[in-house]
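**Student:** Contents of coords-v1.csv (CSV, C-alpha atoms):
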```
chain,number,residue,atom,x,y,z
O,1,MET,CA,126.8,70.6,40.6
O,2,ASN,CA,123.5,68.8,40.6
O,3,ILE,CA,122.9,65.8,43.0
O,4,ASN,CA,120.0,63.5,42.4
O,5,LEU,CA,118.9,60.9,44.9
O,6,ILE,CA,116.6,58.2,43.6
O,7,VAL,CA,115.1,56.0,46.3
O,8,ILE,CA,112.5,53.2,46.2
O,9,GLY,CA,110.0,53.8,49.0
O,10,ARG,CA,109.2,56.6,51.3
O,11,LEU,CA,110.5,57.4,54.8
O,12,LYS,CA,108.0,56.4,57.5
O,13,GLU,CA,109.5,57.8,60.7
O,14,ASP,CA,109.6,61.5,61.5
O,15,TYR,CA,113.1,61.4,62.9
O,16,LEU,CA,114.5,60.0,59.7
O,17,ARG,CA,112.6,62.5,57.6
O,18,ASN,CA,113.9,65.3,59.8
O,19,ALA,CA,117.5,64.0,59.5
O,20,CYS,CA,117.2,63.9,55.7
O,21,ALA,CA,115.7,67.4,55.6
O,22,GLU,CA,118.6,68.7,57.7
O,23,TYR,CA,121.2,67.3,55.3
O,24,ILE,CA,119.3,68.5,52.2
O,25,LYS,CA,119.1,72.0,53.7
O,26,ARG,CA,122.9,71.9,54.3
O,27,LEU,CA,123.6,70.6,50.8
O,28,SER,CA,121.8,73.6,49.3
O,29,ARG,CA,124.9,75.7,49.9
O,30,PHE,CA,126.9,73.4,47.6
O,31,CYS,CA,124.6,72.0,45.0
O,32,THR,CA,121.2,71.7,43.5
O,33,PHE,CA,119.6,68.7,45.2
O,34,GLU,CA,116.7,66.7,43.8
O,35,LEU,CA,115.0,63.7,45.6
O,36,HIS,CA,112.9,61.2,43.7
O,37,GLU,CA,110.9,58.9,46.0
O,38,LEU,CA,109.5,56.1,43.8
O,39,ASP,CA,106.9,53.6,44.6
O,40,GLU,CA,108.0,50.2,45.9
O,41,CYS,CA,106.4,47.2,44.3
O,42,ARG,CA,104.4,45.2,46.8
O,43,LEU,CA,105.3,41.6,47.2
O,44,SER,CA,103.8,38.7,49.1
O,45,ASP,CA,105.2,37.7,52.5
O,46,ASN,CA,107.3,34.9,51.0
O,47,PRO,CA,108.0,36.1,47.4
O,48,SER,CA,109.4,33.7,44.8
O,49,GLU,CA,112.6,34.6,42.8
O,50,LYS,CA,110.3,35.3,39.8
O,51,GLU,CA,108.1,37.7,41.8
O,52,ILE,CA,111.2,39.5,43.1
O,53,ALA,CA,112.7,39.8,39.6
O,54,SER,CA,109.4,41.2,38.3
O,55,ALA,CA,109.2,43.8,41.0
O,56,LEU,CA,112.8,44.8,40.5
O,57,SER,CA,112.2,45.2,36.7
O,58,LYS,CA,109.1,47.4,37.4
O,59,GLU,CA,111.2,49.5,39.8
O,60,ALA,CA,113.9,49.7,37.2
O,61,GLU,CA,111.5,51.3,34.7
O,62,GLN,CA,110.7,54.0,37.2
O,63,ILE,CA,114.4,54.6,38.0
O,64,LYS,CA,115.4,54.9,34.3
O,65,ARG,CA,113.0,57.8,33.9
O,66,CYS,CA,114.8,59.8,36.6
O,67,ALA,CA,118.4,58.7,36.2
O,68,LYS,CA,120.8,61.1,34.5
O,69,GLY,CA,124.4,62.2,34.6
O,70,MET,CA,127.0,60.1,36.4
O,71,ILE,CA,124.9,57.2,37.9
O,72,ILE,CA,126.0,55.6,41.1
O,73,PRO,CA,123.9,52.7,42.2
O,74,MET,CA,124.2,51.7,45.9
O,75,CYS,CA,124.7,48.0,46.1
O,76,ILE,CA,126.4,45.5,48.5
O,77,GLU,CA,128.8,44.3,45.7
O,78,GLY,CA,129.9,47.9,45.0
O,79,LYS,CA,133.2,49.4,46.1
O,80,GLN,CA,133.7,50.8,49.5
O,81,LEU,CA,135.4,54.2,49.7
O,82,SER,CA,136.7,56.4,52.5
O,83,SER,CA,135.0,59.7,53.0
O,84,THR,CA,138.0,61.5,51.3
O,85,ALA,CA,137.9,59.1,48.3
O,86,PHE,CA,134.1,59.6,48.1
O,87,SER,CA,134.6,63.3,48.0
O,88,GLU,CA,137.2,63.0,45.2
O,89,LYS,CA,134.8,60.7,43.2
O,90,ILE,CA,132.0,63.4,43.4
O,91,SER,CA,134.5,66.2,42.6
O,92,SER,CA,135.8,64.3,39.6
O,93,ALA,CA,132.3,64.1,38.0
O,94,GLY,CA,132.7,67.6,36.6
O,95,VAL,CA,136.1,66.9,35.2
O,96,ASN,CA,134.6,63.8,33.5
O,97,GLY,CA,131.9,65.9,31.8
O,98,PHE,CA,129.0,65.3,34.3
O,99,SER,CA,127.1,68.2,35.8
O,100,THR,CA,124.8,65.8,37.6
O,101,VAL,CA,125.5,62.9,39.9
O,102,THR,CA,122.6,60.5,40.6
O,103,PHE,CA,122.7,58.1,43.5
O,104,ILE,CA,120.2,55.2,43.5
O,105,ILE,CA,119.0,53.3,46.6
O,106,GLY,CA,116.8,50.3,45.7
O,107,SER,CA,114.2,48.4,47.7
O,108,SER,CA,114.9,45.8,50.4
O,109,PHE,CA,115.5,43.3,47.5
O,110,GLY,CA,118.1,45.6,45.9
O,111,LEU,CA,118.3,46.8,42.3
O,112,ALA,CA,117.7,45.2,39.0
O,113,PRO,CA,120.9,44.0,37.3
O,114,GLU,CA,120.2,46.5,34.4
O,115,ILE,CA,120.3,49.4,36.9
O,116,LYS,CA,123.6,48.2,38.3
O,117,GLN,CA,125.0,47.9,34.8
O,118,MET,CA,123.9,51.5,34.0
O,119,GLY,CA,126.1,52.7,36.8
O,120,HIS,CA,129.3,54.5,36.1
O,121,PHE,CA,130.4,53.4,39.6
O,122,ARG,CA,128.8,51.0,42.1
O,123,LEU,CA,129.1,52.1,45.7
O,124,SER,CA,128.7,50.1,48.9
O,125,MET,CA,128.5,51.7,52.3
O,126,SER,CA,129.6,48.6,54.1
O,127,GLU,CA,129.5,44.9,54.1
O,128,MET,CA,127.0,45.2,56.9
O,129,THR,CA,123.3,45.4,56.1
O,130,PHE,CA,121.4,48.6,57.0
O,131,PRO,CA,117.7,49.5,56.8
O,132,HIS,CA,117.1,51.3,53.5
O,133,GLN,CA,115.6,54.2,55.4
O,134,LEU,CA,118.8,54.6,57.5
O,135,ALA,CA,120.9,54.2,54.4
O,136,ARG,CA,119.3,57.3,52.9
O,137,VAL,CA,120.3,59.4,55.9
O,138,MET,CA,123.8,57.9,55.9
O,139,LEU,CA,124.3,58.6,52.2
O,140,LEU,CA,123.0,62.2,52.5
O,141,GLU,CA,125.5,62.8,55.4
O,142,GLN,CA,128.4,61.4,53.3
O,143,ILE,CA,127.4,63.6,50.4
O,144,TYR,CA,127.4,66.6,52.7
O,145,ARG,CA,130.7,65.5,54.2
O,146,ALA,CA,132.2,65.1,50.6
O,147,PHE,CA,131.4,68.7,49.8
O,148,GLN,CA,132.8,69.9,53.1
O,149,ILE,CA,136.0,67.9,52.4
O,150,ALA,CA,136.3,69.4,48.9
O,151,GLY,CA,135.8,72.9,50.3
O,152,ASN,CA,138.3,72.4,53.2
O,153,GLY,CA,135.4,72.8,55.6
O,154,LYS,CA,135.7,72.1,59.3
O,155,TYR,CA,132.9,69.5,59.4
O,156,HIS,CA,135.2,66.6,58.5
O,157,LYS,CA,137.9,67.4,61.0
```
Since I need it in another form, could you write the structure as structure tokens?
**Tutor:**
Amino acid sequence: MNINLIVIGRLKEDYLRNACAEYIKRLSRFCTFELHELDECRLSDNPSEKEIASALSKEAEQIKRCAKGMIIPMCIEGKQLSSTAFSEKISSAGVNGFSTVTFIIGSSFGLAPEIKQMGHFRLSMSEMTFPHQLARVMLLEQIYRAFQIAGNGKYHK
């Protein structure tokens, strides 16, 4: 199984980079993992809707070059899953003909509609709002937990 994570922007804090590195290291036992950190479009302090749409469109072009396999955009209007259901979703990818699962985390303004429409499944972590940098750590932890659940590991207990 191949897991790709496409994110807009780079982690700024060491503690978040360290947490991500730890989960990526743990995931190496279960899958081939690839991280794509793409450039965020810079916007003015008070961007117009047109400026936001243009930035999301430019980010979408970068995302399309990296996206492959089963595509799962992370968005607030996506479906929330339990950890067990999330594990089943990842496990079912192979049965459905996908050797790669690609998760996409957009910028603070989200994802372009075309990226959401590309998705085979839209996922939401919560109705709450989280910083995008923290969302990356949370998603990596849940992917690791999903593999542990699928393998009957002790981590989820």
**Student:** Show me a table, sorted first by chain and then by increasing residue number, of the residues of stretch 27-72 of chain O having an atom at most 12 Å from stretch 136-142 of chain O, each with its shortest atom pair and the distance in Å to one decimal, counting all atoms listed in the file and written as a tab-separated table.
**Tutor:**
```
residue	atom	partner	partner_atom	distance
O:Leu27	CA	O:Leu140	CA	8.6
O:Ser28	CA	O:Leu140	CA	11.9
O:Phe33	CA	O:Leu140	CA	10.3
O:Glu34	CA	O:Leu140	CA	11.6
O:Leu35	CA	O:Arg136	CA	10.6
O:His36	CA	O:Arg136	CA	11.9
O:Glu37	CA	O:Arg136	CA	11.0
O:Ile72	CA	O:Leu139	CA	11.6
```
**Student:** Skip stretch 58-66 of chain O itself and residues of its chain fewer than 6 positions away, then list as an MDAnalysis selection string all residues within 9 Å of it, counting only C-alpha atoms.
**Tutor:** chainID O and resid 4 6:8 36 38:41 102 104 106:107 111:112 114:115
**Student:** With only C-alpha atoms as the atoms that count, which of O:Lys116, O:Lys79, O:His132, O:Arg145 lies nearest to O:Leu11?
**Tutor:**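 Ranking O:Lys116, O:Lys79, O:His132, O:Arg145 by distance to O:Leu11, first place goes to O:His132.
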**Student:** Please indicate the distance in Å from atom CA of O:Gly97 to atom CA of O:Met1, rounded to one decimal place.
**Tutor:**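 Going from atom CA of O:Gly97 over to atom CA of O:Met1 covers 11.2 Å.
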**Student:** Calculated over all atoms listed in the file, which of the candidates O:Gln133, O:Met125, O:Gln148, O:Gln117 has the smallest distance to O:Ser91?
**Tutor:** O:Gln148
**Student:** Using all atoms listed in the file for the distances, tell me which of O:Pro47, O:Arg26, O:Pro131, O:Arg122 is nearest to O:Tyr155.
**Tutor:**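 Using all atoms listed in the file, the shortest distance to O:Tyr155 belongs to O:Arg26.
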**Student:** Of the candidates O:Ile52, O:Cys75, O:Val95, O:Ile149, which one gets nearest to O:Ser124 if we count only C-alpha atoms?
**Tutor:**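 That would be O:Cys75, the residue with the smallest distance to O:Ser124.
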**Student:** Please compute the atom CA of O:Gly78-atom CA of O:Thr100 distance, one decimal, in Å.
**Tutor:** 20.0 Å
**Student:** In Å, with one decimal, what is the gap from atom CA of O:Ser48 to atom CA of O:Ile76?
**Tutor:**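 That distance, rounded to one decimal, is 21.0 Å.
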**Student:** Which of these residues is nearest to O:Met70, using only C-alpha atoms: O:Arg42, O:Lys154, O:His120, O:Arg10?
**Tutor:** O:His120
**Student:** List as an mmCIF file with C-alpha atoms, in the coordinates of the input the protein and nucleic acid residues near O:Thr129, meaning an atom at most 12 Å away when only C-alpha atoms are counted, but skip any in the same chain fewer than 6 places from it.
**Tutor:**
```
data_model
loop_
_atom_site.group_PDB
_atom_site.id
_atom_site.type_symbol
_atom_site.label_atom_id
_atom_site.label_comp_id
_atom_site.auth_asym_id
_atom_site.auth_seq_id
_atom_site.Cartn_x
_atom_site.Cartn_y
_atom_site.Cartn_z
ATOM 1 C CA CYS O 75 124.700 48.000 46.100
ATOM 2 C CA ILE O 76 126.400 45.500 48.500
ATOM 3 C CA GLU O 77 128.800 44.300 45.700
ATOM 4 C CA SER O 108 114.900 45.800 50.400
ATOM 5 C CA PHE O 109 115.500 43.300 47.500
ATOM 6 C CA GLY O 110 118.100 45.600 45.900
ATOM 7 C CA ALA O 135 120.900 54.200 54.400
#
```
**Student:** Give the answer as one residue: which of O:Ala146, O:Ala85, O:Ala93, O:Met74 has the shortest atom-to-atom distance to O:Glu127, using only C-alpha atoms?
**Tutor:**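 Among the listed residues, the smallest separation from O:Glu127 belongs to O:Met74.
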